[in-house]
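See below for query.cif, which holds mmCIF, C-alpha atoms.
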```
data_data
#
loop_
_atom_site.label_atom_id
_atom_site.label_comp_id
_atom_site.auth_asym_id
_atom_site.auth_seq_id
_atom_site.Cartn_x
_atom_site.Cartn_y
_atom_site.Cartn_z
CA MET A 17 0.00 0.00 0.00
CA SER A 18 1.31 3.44 -0.84
CA LEU A 19 2.79 5.87 1.60
CA LEU A 20 -0.03 8.30 0.90
CA ASN A 21 -2.60 5.71 1.95
CA GLN A 22 -0.67 4.87 5.11
CA THR A 23 -0.64 8.51 6.13
CA LEU A 24 -4.43 8.62 6.08
CA GLU A 25 -4.22 7.17 9.56
CA VAL A 26 -3.56 10.33 11.56
CA SER A 27 -1.53 10.02 14.73
CA ALA A 28 -3.66 10.84 17.77
CA LYS A 29 -0.76 12.34 19.71
CA GLY A 30 -0.24 16.08 19.41
CA THR A 31 3.01 17.50 18.11
CA TRP A 32 3.81 21.08 17.18
CA LEU A 33 2.49 20.40 13.69
CA HIS A 34 -0.72 18.79 15.00
CA ARG A 35 -1.42 22.05 16.82
CA TRP A 36 -1.24 24.15 13.66
CA PRO A 37 -4.67 24.93 12.17
CA ALA A 38 -5.42 22.77 9.12
CA GLY A 39 -5.91 25.85 6.95
CA LEU A 40 -2.47 27.20 7.85
CA LYS A 41 -0.85 23.84 7.11
CA LEU A 42 -2.49 23.55 3.69
CA LEU A 43 -1.67 27.18 2.85
CA SER A 44 1.96 26.64 3.90
CA LEU A 45 2.14 23.47 1.83
CA PHE A 46 0.71 25.27 -1.19
CA SER A 47 3.15 28.20 -0.77
CA LEU A 48 6.16 25.92 -0.24
CA GLY A 49 5.14 23.80 -3.22
CA THR A 50 4.86 26.86 -5.44
CA ALA A 51 8.23 28.19 -4.26
CA LEU A 52 9.93 24.82 -4.79
CA VAL A 53 8.58 24.56 -8.32
CA LEU A 54 9.71 28.11 -9.18
CA THR A 55 13.32 27.72 -8.03
CA ASP A 56 16.07 25.66 -9.67
CA HIS A 57 18.74 26.56 -7.11
CA ILE A 58 20.24 23.29 -5.94
CA PHE A 59 21.29 24.60 -2.52
CA ILE A 60 17.82 25.96 -1.73
CA LEU A 61 16.20 22.73 -2.90
CA GLY A 62 18.71 20.58 -0.98
CA ALA A 63 18.18 22.59 2.20
CA SER A 64 14.39 22.31 1.72
CA ALA A 65 14.66 18.54 1.41
CA VAL A 66 16.70 18.38 4.63
CA VAL A 67 14.21 20.63 6.47
CA ALA A 68 11.30 18.56 5.13
CA GLY A 69 13.01 15.43 6.41
CA LEU A 70 13.47 16.98 9.86
CA VAL A 71 9.83 18.13 9.93
CA CYS A 72 8.76 14.61 8.99
CA LEU A 73 10.87 13.06 11.73
CA SER A 74 9.56 15.51 14.31
CA VAL A 75 5.91 14.57 13.86
CA HIS A 76 4.33 11.50 15.37
CA TRP A 77 3.90 8.74 12.87
CA PRO A 78 0.83 6.55 12.68
CA PRO A 79 1.10 3.64 15.19
CA PHE A 80 2.33 0.98 12.75
CA MET A 81 5.06 3.30 11.48
CA ARG A 82 6.27 3.94 15.01
CA GLY A 83 6.64 0.20 15.60
CA SER A 84 10.09 -1.20 16.22
CA ALA A 85 9.98 -3.55 13.24
CA SER A 86 12.28 -1.99 10.69
CA SER A 87 10.75 -4.15 7.97
CA THR A 88 7.38 -2.41 8.39
CA ARG A 89 8.99 1.00 8.17
CA SER A 90 11.06 0.09 5.14
CA SER A 91 8.11 -1.50 3.29
CA VAL A 92 6.12 1.69 3.74
CA PHE A 93 8.87 3.75 2.13
CA LEU A 94 9.96 1.22 -0.48
CA TRP A 95 7.58 1.91 -3.39
CA PRO A 96 7.57 5.72 -3.19
CA LEU A 97 11.38 5.61 -3.08
CA ILE A 98 11.61 3.22 -6.03
CA THR A 99 9.21 5.44 -8.01
CA LEU A 100 11.19 8.54 -7.11
CA MET A 101 14.47 6.91 -8.07
CA ALA A 102 13.02 5.72 -11.39
CA ILE A 103 11.91 9.27 -12.24
CA VAL A 104 15.29 10.70 -11.25
CA ALA A 105 17.19 8.02 -13.20
CA TYR A 106 15.12 8.79 -16.31
CA ILE A 107 15.72 12.54 -16.00
CA GLY A 108 19.42 11.91 -15.32
CA PHE A 109 19.60 9.82 -18.50
CA VAL A 110 17.74 12.41 -20.59
CA SER A 111 18.93 15.75 -19.13
CA GLY A 112 22.04 15.04 -17.10
CA PHE A 113 23.08 14.51 -13.48
CA GLU A 114 22.68 18.11 -12.27
CA HIS A 115 19.08 18.40 -13.48
CA ALA A 116 18.28 15.01 -11.96
CA LEU A 117 19.62 16.17 -8.59
CA VAL A 118 17.44 19.30 -8.76
CA VAL A 119 14.35 17.19 -9.50
CA LEU A 120 15.25 14.69 -6.75
CA CYS A 121 15.57 17.40 -4.08
CA ARG A 122 12.39 19.13 -5.23
CA LEU A 123 10.26 15.96 -5.28
CA LEU A 124 11.71 14.72 -2.00
CA ALA A 125 10.98 18.02 -0.26
CA LEU A 126 7.44 18.16 -1.66
CA LEU A 127 6.75 14.54 -0.74
CA LEU A 128 8.03 14.87 2.82
CA PHE A 129 6.19 18.15 3.48
CA ALA A 130 2.98 16.65 2.09
CA ILE A 131 3.37 13.51 4.21
CA SER A 132 3.91 15.62 7.32
CA VAL A 133 0.70 17.54 6.66
CA MET A 134 -1.28 14.38 5.86
CA ALA A 135 0.03 12.59 8.95
CA THR A 136 -0.98 15.39 11.29
CA THR A 137 -4.29 16.55 9.79
CA SER A 138 -7.57 14.68 9.84
CA VAL A 139 -9.59 14.38 6.65
CA THR A 140 -12.48 16.11 8.42
CA ALA A 141 -10.25 19.12 9.16
CA MET A 142 -9.02 19.23 5.56
CA MET A 143 -12.62 19.00 4.33
CA ALA A 144 -13.58 21.91 6.58
CA VAL A 145 -10.79 24.00 5.01
CA VAL A 146 -11.88 23.07 1.49
CA GLU A 147 -15.50 23.93 2.36
CA LYS A 148 -14.49 27.27 3.92
CA PHE A 149 -12.26 28.13 0.97
CA LEU A 150 -15.10 27.46 -1.48
CA GLN A 151 -17.75 29.35 0.49
CA PRO A 152 -17.60 32.50 -1.68
CA PHE A 153 -18.22 30.41 -4.82
CA ASP A 154 -21.07 28.69 -2.96
CA ARG A 155 -22.63 32.05 -2.09
CA TRP A 156 -22.52 33.08 -5.74
CA GLY A 157 -24.30 29.82 -6.55
CA TRP A 158 -21.47 28.43 -8.69
CA ILE A 159 -20.87 25.27 -6.68
CA ARG A 160 -22.01 23.47 -3.52
CA ALA A 161 -19.03 23.82 -1.17
CA ASP A 162 -20.21 21.00 1.16
CA LYS A 163 -20.57 18.58 -1.76
CA VAL A 164 -17.11 19.40 -3.12
CA ALA A 165 -15.63 18.90 0.36
CA LEU A 166 -17.44 15.57 0.66
CA MET A 167 -16.08 14.57 -2.75
CA PHE A 168 -12.57 15.42 -1.52
CA GLY A 169 -13.02 13.18 1.55
CA ILE A 170 -14.48 10.30 -0.44
CA SER A 171 -11.70 10.47 -3.04
CA LEU A 172 -9.13 9.93 -0.28
CA ARG A 173 -11.11 6.95 1.00
CA LEU A 174 -11.47 5.48 -2.48
CA MET A 175 -7.79 5.49 -3.42
CA PRO A 176 -6.89 2.25 -1.61
CA VAL A 177 -10.27 0.69 -2.48
CA LEU A 178 -9.84 1.30 -6.22
CA LEU A 179 -6.23 0.17 -6.09
CA GLU A 180 -7.36 -3.11 -4.53
CA GLN A 181 -10.11 -3.42 -7.16
CA TRP A 182 -7.53 -2.89 -9.93
CA HIS A 183 -5.32 -5.69 -8.50
CA GLU A 184 -8.35 -8.01 -8.21
CA ILE A 185 -9.32 -7.49 -11.84
CA ARG A 186 -5.73 -7.95 -13.01
CA GLU A 187 -5.36 -11.16 -10.98
CA ALA A 188 -8.71 -12.51 -12.22
CA GLN A 189 -7.61 -11.98 -15.81
CA ALA A 190 -4.15 -13.42 -15.19
CA ALA A 191 -5.79 -16.50 -13.63
CA ARG A 192 -7.69 -17.00 -16.88
CA GLY A 193 -4.48 -16.75 -18.86
CA HIS A 194 -5.10 -13.27 -20.29
CA ARG A 195 -2.26 -10.81 -20.74
CA ALA A 196 -2.84 -7.39 -19.24
CA SER A 197 -4.40 -5.25 -21.97
CA PRO A 198 -5.62 -1.74 -21.13
CA LEU A 199 -9.12 -2.29 -22.58
CA ALA A 200 -9.64 -5.60 -20.78
CA LEU A 201 -8.68 -3.92 -17.51
CA LEU A 202 -10.44 -0.60 -17.98
CA VAL A 203 -13.88 -1.90 -18.92
CA PRO A 204 -14.47 -4.06 -15.79
CA MET A 205 -12.76 -1.36 -13.71
CA LEU A 206 -15.18 1.25 -15.02
CA VAL A 207 -18.25 -0.97 -14.57
CA ARG A 208 -17.34 -1.94 -11.00
CA THR A 209 -16.46 1.64 -10.10
CA LEU A 210 -19.84 2.88 -11.36
CA GLN A 211 -21.64 0.14 -9.41
CA ARG A 212 -19.64 1.08 -6.31
CA ALA A 213 -20.44 4.76 -6.82
CA ALA A 214 -24.17 3.99 -7.01
CA GLU A 215 -24.07 1.97 -3.80
CA MET A 216 -21.97 4.62 -2.04
CA ALA A 217 -24.50 7.26 -3.05
CA ASP A 218 -27.23 5.07 -1.52
CA ALA A 219 -25.16 4.66 1.65
CA ILE A 220 -24.73 8.45 1.93
CA ASP A 221 -28.45 8.97 1.33
CA ALA A 222 -29.31 6.32 3.93
CA ARG A 223 -27.36 8.31 6.51
CA GLY A 224 -29.00 11.57 5.54
CA GLY A 225 -25.87 12.81 3.75
CA SER A 226 -27.86 14.37 0.94
CA SER A 227 -30.02 16.34 3.32
CA ALA A 228 -27.41 18.92 4.17
CA ARG A 229 -29.73 21.66 2.93
CA MET U 29 -42.13 0.80 14.97
CA ILE U 30 -44.57 -0.20 12.23
CA ILE U 31 -43.67 -0.46 8.56
CA GLU U 32 -46.54 -0.73 6.13
CA PHE U 33 -46.46 -1.71 2.48
CA GLU U 34 -49.70 -0.47 0.88
CA ALA U 35 -50.22 -2.11 -2.53
CA VAL U 36 -46.53 -1.58 -3.28
CA SER U 37 -45.19 -2.61 -6.68
CA VAL U 38 -41.73 -2.11 -8.14
CA GLU U 39 -41.06 -2.43 -11.84
CA ARG U 40 -37.87 -2.07 -13.86
CA GLY U 41 -38.64 -1.80 -17.52
CA ALA U 42 -40.84 -4.74 -18.41
CA ARG U 43 -39.80 -6.72 -15.33
CA THR U 44 -41.88 -6.73 -12.16
CA ILE U 45 -39.59 -6.98 -9.11
CA LEU U 46 -42.36 -6.78 -6.48
CA ARG U 47 -46.10 -7.01 -7.17
CA GLU U 48 -48.81 -5.33 -5.04
CA LEU U 49 -47.43 -6.08 -1.60
CA ASN U 50 -49.79 -5.42 1.29
CA ILE U 51 -48.03 -6.16 4.51
CA SER U 52 -47.40 -4.68 7.93
CA LEU U 53 -44.15 -5.27 9.85
CA SER U 54 -44.00 -4.62 13.59
CA GLU U 55 -42.17 -7.56 15.19
CA ALA U 56 -38.82 -7.08 16.94
CA ARG U 57 -36.95 -9.56 14.72
CA ILE U 58 -38.02 -10.11 11.12
CA GLY U 59 -36.07 -12.19 8.60
CA ILE U 60 -36.34 -12.01 4.82
CA VAL U 61 -35.23 -14.99 2.72
CA GLY U 62 -35.55 -15.99 -0.91
CA PRO U 63 -33.56 -16.98 -3.96
CA ASN U 64 -31.01 -14.63 -5.56
CA GLY U 65 -32.68 -11.92 -7.62
CA ALA U 66 -36.06 -12.44 -5.93
CA GLY U 67 -36.34 -8.80 -4.83
CA LYS U 68 -35.18 -9.01 -1.20
CA SER U 69 -32.81 -6.05 -1.42
CA THR U 70 -35.46 -4.06 -3.29
CA PHE U 71 -37.88 -4.86 -0.45
CA ALA U 72 -35.36 -3.59 2.11
CA ARG U 73 -34.50 -0.43 0.18
CA LEU U 74 -38.16 0.55 0.01
CA ILE U 75 -38.30 0.79 3.79
CA ASN U 76 -36.10 3.87 4.13
CA GLY U 77 -36.88 5.38 0.75
CA LEU U 78 -33.70 4.40 -1.08
CA LEU U 79 -36.11 3.12 -3.71
CA VAL U 80 -39.43 4.64 -4.64
CA PRO U 81 -42.25 2.21 -5.49
CA SER U 82 -43.62 2.28 -9.03
CA ALA U 83 -47.09 2.02 -7.50
CA GLY U 84 -48.50 2.00 -3.97
CA ARG U 85 -47.19 3.66 -0.84
CA MET U 86 -44.70 2.97 1.95
CA VAL U 87 -45.56 4.14 5.46
CA CYS U 88 -43.07 4.14 8.31
CA ASN U 89 -44.48 4.76 11.80
CA GLY U 90 -47.42 6.62 10.30
CA LEU U 91 -45.21 8.77 8.04
CA PRO U 92 -45.49 8.33 4.28
CA VAL U 93 -41.87 7.58 3.32
CA ALA U 94 -41.87 9.53 0.05
CA GLU U 95 -42.99 12.73 1.79
CA HIS U 96 -40.82 12.43 4.92
CA LEU U 97 -37.58 11.00 3.57
CA ASN U 98 -35.24 12.72 6.01
CA ALA U 99 -37.32 11.90 9.06
CA VAL U 100 -37.67 8.26 7.99
CA ARG U 101 -33.95 7.89 7.25
CA GLN U 102 -33.14 9.18 10.73
CA GLN U 103 -35.38 6.46 12.17
CA VAL U 104 -34.31 3.60 9.92
CA GLY U 105 -30.64 2.56 9.93
CA PHE U 106 -29.45 0.57 6.93
CA LEU U 107 -26.48 -1.81 6.95
CA PHE U 108 -25.28 -2.65 3.45
CA GLN U 109 -23.87 -5.99 2.33
CA ASN U 110 -20.45 -4.59 1.40
CA PRO U 111 -18.97 -2.35 4.11
CA ASP U 112 -16.43 -0.96 1.62
CA ASN U 113 -19.32 0.78 -0.13
CA GLN U 114 -20.89 2.00 3.09
CA ILE U 115 -17.85 3.53 4.78
CA VAL U 116 -17.13 6.74 2.90
CA PHE U 117 -14.31 8.29 4.94
CA PRO U 118 -10.73 7.05 5.31
CA VAL U 119 -10.65 6.92 9.13
CA VAL U 120 -13.18 5.10 11.35
CA GLN U 121 -14.24 7.91 13.67
CA GLU U 122 -14.37 10.43 10.83
CA ASP U 123 -16.86 8.23 9.03
CA MET U 124 -18.98 7.94 12.15
CA ALA U 125 -18.82 11.71 12.61
CA PHE U 126 -20.07 12.22 9.04
CA GLY U 127 -23.37 10.50 9.81
CA LEU U 128 -23.84 12.65 12.91
CA LYS U 129 -22.82 15.96 11.34
CA HIS U 130 -26.37 17.28 10.98
CA SER U 131 -28.19 15.45 13.78
CA LEU U 132 -25.55 16.20 16.45
CA PRO U 133 -23.71 19.44 15.61
CA ASP U 134 -21.98 19.73 19.02
CA LYS U 135 -18.48 18.25 18.56
CA THR U 136 -18.07 17.15 22.19
CA LEU U 137 -21.40 15.33 22.22
CA ARG U 138 -20.59 13.82 18.84
CA ALA U 139 -17.22 12.51 20.03
CA ALA U 140 -18.84 11.07 23.17
CA ARG U 141 -21.53 9.32 21.10
CA ILE U 142 -18.87 7.85 18.79
CA GLN U 143 -16.79 6.56 21.71
CA ALA U 144 -19.85 5.07 23.41
CA THR U 145 -20.93 3.25 20.24
CA LEU U 146 -17.46 1.87 19.58
CA ALA U 147 -17.29 0.71 23.20
CA GLN U 148 -20.72 -0.91 22.87
CA LEU U 149 -19.39 -3.04 19.99
CA ASP U 150 -16.06 -3.58 21.78
CA ILE U 151 -14.07 -1.95 18.96
CA ALA U 152 -12.91 1.23 20.70
CA ASP U 153 -9.35 0.41 19.60
CA LEU U 154 -10.36 0.92 15.95
CA ALA U 155 -11.36 4.59 16.36
CA ASP U 156 -8.23 6.05 14.74
CA ARG U 157 -7.59 3.23 12.29
CA ALA U 158 -7.57 3.78 8.52
CA VAL U 159 -10.50 1.82 7.09
CA HIS U 160 -8.47 0.11 4.37
CA THR U 161 -6.20 -1.49 6.98
CA LEU U 162 -9.15 -3.31 8.64
CA SER U 163 -10.20 -6.89 7.96
CA GLY U 164 -13.58 -7.61 6.32
CA GLY U 165 -15.10 -8.50 9.70
CA GLN U 166 -13.77 -5.36 11.36
CA LYS U 167 -15.13 -3.26 8.49
CA GLN U 168 -18.59 -4.79 8.91
CA LEU U 169 -18.51 -4.01 12.65
CA VAL U 170 -17.42 -0.44 11.86
CA ALA U 171 -20.24 -0.11 9.32
CA LEU U 172 -22.68 -1.31 11.99
CA ALA U 173 -21.19 1.19 14.45
CA CYS U 174 -21.72 3.97 11.88
CA VAL U 175 -25.39 3.03 11.71
CA LEU U 176 -25.86 2.50 15.46
CA CYS U 177 -24.27 5.81 16.46
CA MET U 178 -27.18 7.54 14.73
CA GLN U 179 -29.46 5.79 17.23
CA PRO U 180 -32.07 4.59 14.74
CA ASP U 181 -35.43 3.19 15.88
CA LEU U 182 -35.18 0.31 13.39
CA LEU U 183 -32.29 -1.50 11.73
CA VAL U 184 -32.42 -2.97 8.24
CA LEU U 185 -29.56 -5.39 7.54
CA ASP U 186 -28.87 -6.47 3.96
CA GLU U 187 -27.05 -9.81 4.11
CA PRO U 188 -24.81 -8.73 6.99
CA THR U 189 -22.90 -12.00 7.42
CA THR U 190 -22.16 -12.77 3.75
CA GLN U 191 -18.53 -11.65 3.79
CA LEU U 192 -17.67 -12.68 7.33
CA ASP U 193 -15.67 -15.60 8.69
CA LEU U 194 -17.20 -17.76 11.43
CA ARG U 195 -15.68 -15.75 14.30
CA PHE U 196 -16.95 -12.38 13.06
CA ARG U 197 -20.28 -13.90 12.00
CA ASN U 198 -20.88 -15.18 15.53
CA ARG U 199 -19.76 -11.87 17.01
CA LEU U 200 -22.09 -9.91 14.75
CA LEU U 201 -25.01 -12.21 15.54
CA GLN U 202 -24.34 -11.79 19.26
CA ILE U 203 -24.36 -8.00 18.85
CA ILE U 204 -27.53 -8.05 16.75
CA GLY U 205 -29.19 -10.32 19.34
CA GLN U 206 -28.50 -7.76 22.07
CA LEU U 207 -29.72 -4.69 20.19
CA PRO U 208 -32.77 -3.04 21.73
CA GLN U 209 -34.03 -1.85 18.33
CA PRO U 210 -36.26 -3.93 16.04
CA VAL U 211 -34.27 -5.59 13.24
CA ILE U 212 -35.24 -6.56 9.70
CA ALA U 213 -32.55 -8.84 8.28
CA ILE U 214 -32.18 -10.14 4.76
CA SER U 215 -30.05 -13.25 4.80
CA HIS U 216 -29.19 -16.56 3.20
CA ASP U 217 -27.79 -17.55 6.60
CA LEU U 218 -30.84 -19.48 7.82
CA ALA U 219 -29.23 -20.35 11.17
CA MET U 220 -29.11 -16.62 11.90
CA LEU U 221 -32.89 -16.34 11.47
CA GLU U 222 -33.88 -19.36 13.57
CA THR U 223 -34.63 -17.29 16.65
CA PHE U 224 -36.51 -14.58 14.73
CA GLU U 225 -40.18 -13.96 15.49
CA ARG U 226 -41.22 -13.70 11.87
CA VAL U 227 -39.74 -14.77 8.55
CA LEU U 228 -40.94 -13.81 5.07
CA VAL U 229 -40.06 -15.74 1.91
CA ILE U 230 -39.92 -13.53 -1.18
CA ASP U 231 -39.95 -15.10 -4.62
CA GLN U 232 -41.58 -14.41 -8.00
CA ALA U 233 -42.28 -10.79 -7.01
CA SER U 234 -44.47 -11.70 -4.06
CA ILE U 235 -44.44 -13.12 -0.54
CA GLN U 236 -44.60 -16.90 -0.73
CA ALA U 237 -44.59 -17.61 2.99
CA ASP U 238 -44.97 -15.55 6.15
CA GLY U 239 -44.89 -16.77 9.74
CA PRO U 240 -42.73 -17.73 12.71
CA ALA U 241 -39.21 -18.91 11.89
CA ALA U 242 -39.96 -22.37 13.30
CA GLU U 243 -42.67 -22.87 10.64
CA VAL U 244 -41.32 -20.95 7.65
CA LEU U 245 -37.66 -22.01 7.65
CA PRO U 246 -38.32 -25.80 7.42
CA TRP U 247 -40.78 -25.09 4.58
CA TYR U 248 -38.21 -22.90 2.83
CA ARG U 249 -35.46 -25.51 3.23
CA ALA U 250 -37.72 -28.24 1.83
CA ARG U 251 -38.88 -26.19 -1.11
CA TYR U 252 -35.74 -24.31 -2.16
CA ALA U 253 -32.87 -26.65 -1.17
#
```
What is this structure when it is put down as structure tokens?
Amino acid sequence: MSLLNQTLEVSAKGTWLHRWPAGLKLLSLFSLGTALVLTDHIFILGASAVVAGLVCLSVHWPPFMRGSASSTRSSVFLWPLITLMAIVAYIGFVSGFEHALVVLCRLLALLLFAISVMATTSVTAMMAVVEKFLQPFDRWGWIRADKVALMFGISLRLMPVLLEQWHEIREAQAARGHRASPLALLVPMLVRTLQRAAEMADAIDARGGSSAR
Amino acid sequence: MIIEFEAVSVERGARTILRELNISLSEARIGIVGPNGAGKSTFARLINGLLVPSAGRMVCNGLPVAEHLNAVRQQVGFLFQNPDNQIVFPVVQEDMAFGLKHSLPDKTLRAARIQATLAQLDIADLADRAVHTLSGGQKQLVALACVLCMQPDLLVLDEPTTQLDLRFRNRLLQIIGQLPQPVIAISHDLAMLETFERVLVIDQASIQADGPAAEVLPWYRARYA
């Protein structure tokens, strides 16, 4: 399971970053992200990656990540690191070592800052920020802020579910001797996702979720 | 709590799912059985207005369901077959809080209700867990907790034990047995329904049998086995 999914489990213990308001954390993340994308200075990006690492280490990890088993910790980091290294290796091959180092520091800093925010902010708090941010558009009648916030929360919940569904479909087809073809995977994926969406909508209705106004 | 089906029919295209049902449900434990595709889930979804009948009228505790959807849905809790489709938030207590957002706006009261419900089901340790890290049985208990924390007057369970192993099945049945609310359960798990006061058999768009579990279940086993 990806690191992003693991961080959905917010640590209950309060650290300095837990105490920051969710809005301030998301605004800081957005500002830092923008600044990191705009600069190509290797020293600034390297220092940012180091700071991001320190911030990450200073927050309380979800319980399973604080466990003593090093294998658990390493498995959580393994795939994001492999992905990151693959991207950097490709850029290094295409554009040279220096550019690859810039991209590595930038992505690492962004990833670690984002993880720190995710690990210390509940989805409910993030939804409240999204809803508050969209309130002006809601007042003008352009969108329903509460519905967009709900969509944001559900999308976080659905990431691991859809990933599991994708693996199930791939395994089912492999078991029948089919090679993975995009069409053969996408069609059942789409059908099952639509069925799931319909049932989720029913589940939200059954709990009065559509009666917000 | 009285649920009344008044000449209720449900049609999808040319197919009749349920035909002119006239029935009143008021017992504390009611089981619904029948072959796959017989219309059991449709029957259950009519009760809290998730489905609207093509003809006839649903009445829940004197309230016409179609005209009092929100009030009825607050009274009738619905547990779906697949908890993955019922739990819409990534973390257990956030999902429970979602259901209570409008009925219990006070955050302190809401948190207390969530803790009490989790404790009632003996799953207080799952409060901060990410839903995707739970087993199927744990997810079903969490889904039940999400429904129970809204303190419904009636529970409708759509095949609640289908995806559970024996340990979680027995645990869920024990919890359901202790609930003070009336329960309407759709199930292929006939052993679960043996202690129920009333069992309905739905097939061919109508009710084929209706009576105490001790009479209906042997008939059902003999006819549909």
So that each row is one residue of chain U with an atom at most 9 Å from chain A, can you give its shortest atom pair and the distance in Å to one decimal, using only C-alpha atoms, rows by chain and rising number, as JSON lines?
```
{"residue": "U:Asn76", "atom": "CA", "partner": "A:Ala222", "partner_atom": "CA", "distance": 7.2}
{"residue": "U:Gly77", "atom": "CA", "partner": "A:Ala222", "partner_atom": "CA", "distance": 8.3}
{"residue": "U:Leu78", "atom": "CA", "partner": "A:Asp218", "partner_atom": "CA", "distance": 6.5}
{"residue": "U:Leu97", "atom": "CA", "partner": "A:Gly224", "partner_atom": "CA", "distance": 8.8}
{"residue": "U:Asn98", "atom": "CA", "partner": "A:Gly224", "partner_atom": "CA", "distance": 6.4}
{"residue": "U:Arg101", "atom": "CA", "partner": "A:Ala222", "partner_atom": "CA", "distance": 5.9}
{"residue": "U:Gln102", "atom": "CA", "partner": "A:Gly224", "partner_atom": "CA", "distance": 7.1}
{"residue": "U:Val104", "atom": "CA", "partner": "A:Ala222", "partner_atom": "CA", "distance": 8.3}
{"residue": "U:Gly105", "atom": "CA", "partner": "A:Ala222", "partner_atom": "CA", "distance": 7.2}
{"residue": "U:Phe106", "atom": "CA", "partner": "A:Ala222", "partner_atom": "CA", "distance": 6.5}
{"residue": "U:Leu107", "atom": "CA", "partner": "A:Ala219", "partner_atom": "CA", "distance": 8.5}
{"residue": "U:Phe108", "atom": "CA", "partner": "A:Ala219", "partner_atom": "CA", "distance": 7.5}
{"residue": "U:Asp112", "atom": "CA", "partner": "A:Val177", "partner_atom": "CA", "distance": 7.6}
{"residue": "U:Asn113", "atom": "CA", "partner": "A:Met216", "partner_atom": "CA", "distance": 5.0}
{"residue": "U:Gln114", "atom": "CA", "partner": "A:Ala219", "partner_atom": "CA", "distance": 5.2}
{"residue": "U:Ile115", "atom": "CA", "partner": "A:Ala219", "partner_atom": "CA", "distance": 8.0}
{"residue": "U:Val116", "atom": "CA", "partner": "A:Ile170", "partner_atom": "CA", "distance": 5.6}
{"residue": "U:Phe117", "atom": "CA", "partner": "A:Arg173", "partner_atom": "CA", "distance": 5.2}
{"residue": "U:Pro118", "atom": "CA", "partner": "A:Arg173", "partner_atom": "CA", "distance": 4.3}
{"residue": "U:Val119", "atom": "CA", "partner": "A:Glu25", "partner_atom": "CA", "distance": 6.4}
{"residue": "U:Glu122", "atom": "CA", "partner": "A:Thr140", "partner_atom": "CA", "distance": 6.5}
{"residue": "U:Ala125", "atom": "CA", "partner": "A:Thr140", "partner_atom": "CA", "distance": 8.8}
{"residue": "U:Phe126", "atom": "CA", "partner": "A:Gly225", "partner_atom": "CA", "distance": 7.9}
{"residue": "U:Gly127", "atom": "CA", "partner": "A:Arg223", "partner_atom": "CA", "distance": 5.6}
{"residue": "U:Leu128", "atom": "CA", "partner": "A:Arg223", "partner_atom": "CA", "distance": 8.5}
{"residue": "U:Lys129", "atom": "CA", "partner": "A:Gly225", "partner_atom": "CA", "distance": 8.8}
{"residue": "U:His130", "atom": "CA", "partner": "A:Ala228", "partner_atom": "CA", "distance": 7.1}
{"residue": "U:Asp156", "atom": "CA", "partner": "A:Glu25", "partner_atom": "CA", "distance": 6.6}
{"residue": "U:Arg157", "atom": "CA", "partner": "A:Glu25", "partner_atom": "CA", "distance": 5.9}
{"residue": "U:Ala158", "atom": "CA", "partner": "A:Glu25", "partner_atom": "CA", "distance": 4.9}
{"residue": "U:Val159", "atom": "CA", "partner": "A:Arg173", "partner_atom": "CA", "distance": 8.0}
{"residue": "U:His160", "atom": "CA", "partner": "A:Pro176", "partner_atom": "CA", "distance": 6.5}
{"residue": "U:Thr161", "atom": "CA", "partner": "A:Gln22", "partner_atom": "CA", "distance": 8.6}
{"residue": "U:Cys174", "atom": "CA", "partner": "A:Arg223", "partner_atom": "CA", "distance": 8.9}
{"residue": "U:Val175", "atom": "CA", "partner": "A:Arg223", "partner_atom": "CA", "distance": 7.7}
{"residue": "U:Met178", "atom": "CA", "partner": "A:Arg223", "partner_atom": "CA", "distance": 8.3}
```
Original post:
What does the PyMOL selection byres ((chain U and resi 242) around 10) select in this file, as JSON, numbers by chain?
Top reply: {"U": [221, 222, 223, 224, 225, 226, 227, 239, 240, 241, 243, 244, 245, 246, 247]}
Original post:
Using the chain letters and numbers from the file, which residues does the PyMOL selection byres ((chain A and resi 102-107) around 10) grab, as a ChimeraX atom specification?
Top reply: /A:96-101,108-121,123
**OP:** Identify all residues satisfying the PyMOL selection byres ((chain U and resi 232) around 8) in the given file; provide them as an MDAnalysis selection string.
**Re:** chainID U and resid 45:46 66 230:231 233:234
Original post:
Suppose you want the space between atom CA of Met143 of chain A and atom CA of Thr136 of chain U; what is it in Å?
Top reply: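 Separating atom CA of Met143 of chain A from atom CA of Thr136 of chain U is a distance of 18.8 Å.
A straight line drawn from atom CA of Val229 of chain U to atom CA of Gly62 of chain U is 5.3 Å long.
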Subject >> Residue nearest Leu228 of chain U among U:Val61, U:Ala147, U:Ala72, U:Leu201 (counting only C-alpha atoms) >> reply: U:Val61
**OP:** Using only C-alpha atoms, determine which residues lie at most 12 Å from Ala63 of chain A, disregarding the query and same-chain residues fewer than 3 positions distant; provide the list as an MDAnalysis selection string.
**Re:** chainID A and resid 52 57:60 66:70 118 121:122 124:125
Original post:
Which residues, written as a ChimeraX atom specification, have at least one atom at most 9 Å from segment 31-36 of chain U, with all atoms listed in the file counted and residues fewer than 2 positions away on the same chain left out?
Top reply: /U:29,38,46-54,74-75,81-90
Original post:
Can you tell me, as a ChimeraX atom specification, what residues are no more than 6 Å from segment 160-164 of chain A when counting only C-alpha atoms, ignoring any on the same chain fewer than 4 positions away?
Top reply: /A:147,150-151,154
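Among the candidates U:Ile58, U:Ala144, U:Leu218, U:Ala173, the one nearest to Asp238 of chain U when counting only C-alpha atoms is U:Ile58.
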**OP:** Within 7 Å of Gly49 of chain A, counting only C-alpha atoms, which residues show up once you throw out same-chain ones fewer than 4 positions away? Write them as a PyMOL selection string, please.
**Re:** chain A and resi 45+53+126
